[in-house]
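Student: Before I ask anything, here is the structure I am working with.
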Amino acid sequence: MEQTEHTMAHHTGPLAGYEARHFLWSVSDDGKVATITLNRPERKNPLTFDSYAELRDLFRSLSYASDIKTVVITGSGGNFCSGGDVHEIIGPLTKMGMPQLLEFTRMTGDLVKAMRNCPQPIVAAVDGVCAGAGAILAMASDLRLGSPETRTAFLFARVGLAGCDMGACAILPRIIGQGRAAELFYTGRAMSADEGLAWGFFNALHPSAEVLEAAQTLAGRIAAGPTFAHGMTKKAMHQEWSMGVDEAIEAEAQAQAICMQTQDFRRAYEAFVAKQKPVFEGD
């Protein structure tokens, strides 16, 4: 398990020049939209101990990035992610003791925490197989675009495990509803693309050849908005799950008052007065 101890330094500054080791990393021409591509197409892009840990560290570092405003996560070769690699993860797990197993499950959970805690909205571009930990990556994103060929399976029960993996029992019911989530968890069956769209898991479906471009376009549109305020929105949506309504209203009052002191708020007002479209800069 020593592979999971690789840690990326948390620094405040640009991440555009980041050199990924276990997946692909690219940044749009304007430097605002980063794309993470899981890139083991011959195996349908499974995760390994190393890629889990690097993704966790990267999303943690995105909290300090001064340039990246939105993130797209996708897979290569017509599939999103087939989950944990059977040979490189599942096999070794069967030989580990409880302390090592708990170290691993906490590490994978930390990836979801990092995705939920980074201020950048995350758009998942999902095609083909989206299973196990891959389904968790899509679930932990803020927005999801799929293709008609997408099959999403929280298949943990099929490998003798509980459906409660990496926060799934807390997050998925909030996206698609308790009863639908329960069916997917207990049966391990794949959710079709049409079901995913009708149930609210996917925001839209696009042809396979267009889903990544659609996700990057959506991410670019979000990145052109008031990104400081977007970060506040993401934080509020995450934190308010555990709040009562009165506490949530107070938290939003404080968040909005903070946003009212940003330059983007002033820019929007001045553009409205001048009958122009505001150009946001994220400060």
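Going through the structure tokens in order, the chains are called A, B, and so on, while each chain numbers its residues from 1 and the ligands are numbered from 1 in the order shown.
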Check range 119-235 of chain A with DSSP on the backbone and list each residue it calls strand (DSSP E or B), as a short mmCIF file (atom, residue, chain, number, x, y, z; two decimals) with C-alpha atoms, in the first residue's frame.

Tutor:
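states_35.cif was written with the following content:
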```
data_model
loop_
_atom_site.label_atom_id
_atom_site.label_comp_id
_atom_site.auth_asym_id
_atom_site.auth_seq_id
_atom_site.Cartn_x
_atom_site.Cartn_y
_atom_site.Cartn_z
CA ILE A 122 -16.70 19.05 -12.12
CA VAL A 123 -18.39 17.85 -15.33
CA ALA A 124 -18.23 14.11 -16.07
CA ALA A 125 -18.29 13.11 -19.76
CA VAL A 126 -19.49 9.51 -19.55
CA VAL A 129 -18.86 1.40 -19.33
CA CYS A 130 -19.22 3.35 -16.08
CA ALA A 131 -18.99 0.79 -13.29
CA LEU A 143 -22.79 17.56 -13.59
CA ARG A 144 -22.90 14.47 -15.77
CA LEU A 145 -23.30 14.14 -19.53
CA GLY A 146 -23.80 10.66 -20.96
CA ARG A 151 -24.22 1.81 -18.82
CA THR A 152 -23.76 2.85 -15.19
CA ALA A 153 -23.49 0.12 -12.57
CA ALA A 190 -26.62 -1.41 -14.89
CA MET A 191 -28.69 1.76 -15.16
CA SER A 192 -29.36 2.47 -18.82
CA ALA A 204 -28.18 15.38 -20.92
CA LEU A 205 -27.24 12.67 -23.40
#
```

Student: Counting only C-alpha atoms, which residues of range 44-73 of chain A fall within 12 Å of range 207-229 of chain A, and what is the closest atom pair for each with its distance in Å at one decimal, ordered by chain and rising number, as JSON lines?

Tutor:
```
{"residue": "A:Ser63", "atom": "CA", "partner": "A:Phe228", "partner_atom": "CA", "distance": 11.8}
{"residue": "A:Ser66", "atom": "CA", "partner": "A:Phe228", "partner_atom": "CA", "distance": 11.1}
{"residue": "A:Asp67", "atom": "CA", "partner": "A:Ala223", "partner_atom": "CA", "distance": 10.4}
{"residue": "A:Ile68", "atom": "CA", "partner": "A:Ala223", "partner_atom": "CA", "distance": 8.5}
{"residue": "A:Lys69", "atom": "CA", "partner": "A:Ala223", "partner_atom": "CA", "distance": 5.3}
{"residue": "A:Thr70", "atom": "CA", "partner": "A:Ala219", "partner_atom": "CA", "distance": 5.8}
{"residue": "A:Val71", "atom": "CA", "partner": "A:Ala219", "partner_atom": "CA", "distance": 6.9}
{"residue": "A:Val72", "atom": "CA", "partner": "A:Gln216", "partner_atom": "CA", "distance": 6.5}
{"residue": "A:Ile73", "atom": "CA", "partner": "A:Ala215", "partner_atom": "CA", "distance": 8.9}
```

Student: Just write the chosen residues, N, CA and C atoms, as a PDB file, in the first residue's frame.

Tutor:
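Everything below was put into selection.pdb:
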```pdb
ATOM      1  N   SER A  63      -7.971  22.812  -4.958  1.00  0.00           N
ATOM      2  CA  SER A  63      -8.496  23.802  -4.005  1.00  0.00           C
ATOM      3  C   SER A  63      -7.592  25.023  -3.920  1.00  0.00           C
ATOM      4  N   SER A  66      -4.822  28.603  -8.843  1.00  0.00           N
ATOM      5  CA  SER A  66      -5.220  29.977  -9.154  1.00  0.00           C
ATOM      6  C   SER A  66      -5.752  30.132 -10.569  1.00  0.00           C
ATOM      7  N   ASP A  67      -5.653  29.085 -11.388  1.00  0.00           N
ATOM      8  CA  ASP A  67      -6.015  29.224 -12.793  1.00  0.00           C
ATOM      9  C   ASP A  67      -7.205  28.367 -13.214  1.00  0.00           C
ATOM     10  N   ILE A  68      -7.274  27.131 -12.782  1.00  0.00           N
ATOM     11  CA  ILE A  68      -8.309  26.213 -13.245  1.00  0.00           C
ATOM     12  C   ILE A  68      -9.653  26.573 -12.615  1.00  0.00           C
ATOM     13  N   LYS A  69     -10.662  26.775 -13.449  1.00  0.00           N
ATOM     14  CA  LYS A  69     -11.989  27.200 -12.965  1.00  0.00           C
ATOM     15  C   LYS A  69     -13.024  26.088 -13.009  1.00  0.00           C
ATOM     16  N   THR A  70     -12.879  25.145 -13.939  1.00  0.00           N
ATOM     17  CA  THR A  70     -13.773  23.990 -14.010  1.00  0.00           C
ATOM     18  C   THR A  70     -12.959  22.781 -14.457  1.00  0.00           C
ATOM     19  N   VAL A  71     -13.478  21.584 -14.159  1.00  0.00           N
ATOM     20  CA  VAL A  71     -12.772  20.343 -14.481  1.00  0.00           C
ATOM     21  C   VAL A  71     -13.718  19.400 -15.213  1.00  0.00           C
ATOM     22  N   VAL A  72     -13.227  18.783 -16.267  1.00  0.00           N
ATOM     23  CA  VAL A  72     -13.946  17.717 -16.969  1.00  0.00           C
ATOM     24  C   VAL A  72     -13.211  16.416 -16.686  1.00  0.00           C
ATOM     25  N   ILE A  73     -13.945  15.361 -16.375  1.00  0.00           N
ATOM     26  CA  ILE A  73     -13.333  14.044 -16.206  1.00  0.00           C
ATOM     27  C   ILE A  73     -13.985  13.070 -17.175  1.00  0.00           C
TER      28      ILE A  73
END
```

Student: Write out as a list in words each polymer residue whose atoms come within 8 Å of Pro41 in chain A, counting only C-alpha atoms; drop sequence neighbours fewer than 4 positions from it.

Tutor: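 So the residues in contact are Asn45, Gly75, Ser76, Gly77, Gly78 and Asn79 of chain A.
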
Student: Check the smallest atom-to-atom distance from each of A:Ile36, A:Leu102, A:Leu184, A:Ile175 to Arg158 in chain A using only C-alpha atoms, then report the winner.

Tutor: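 Nearest to Arg158 in chain A: A:Leu184.
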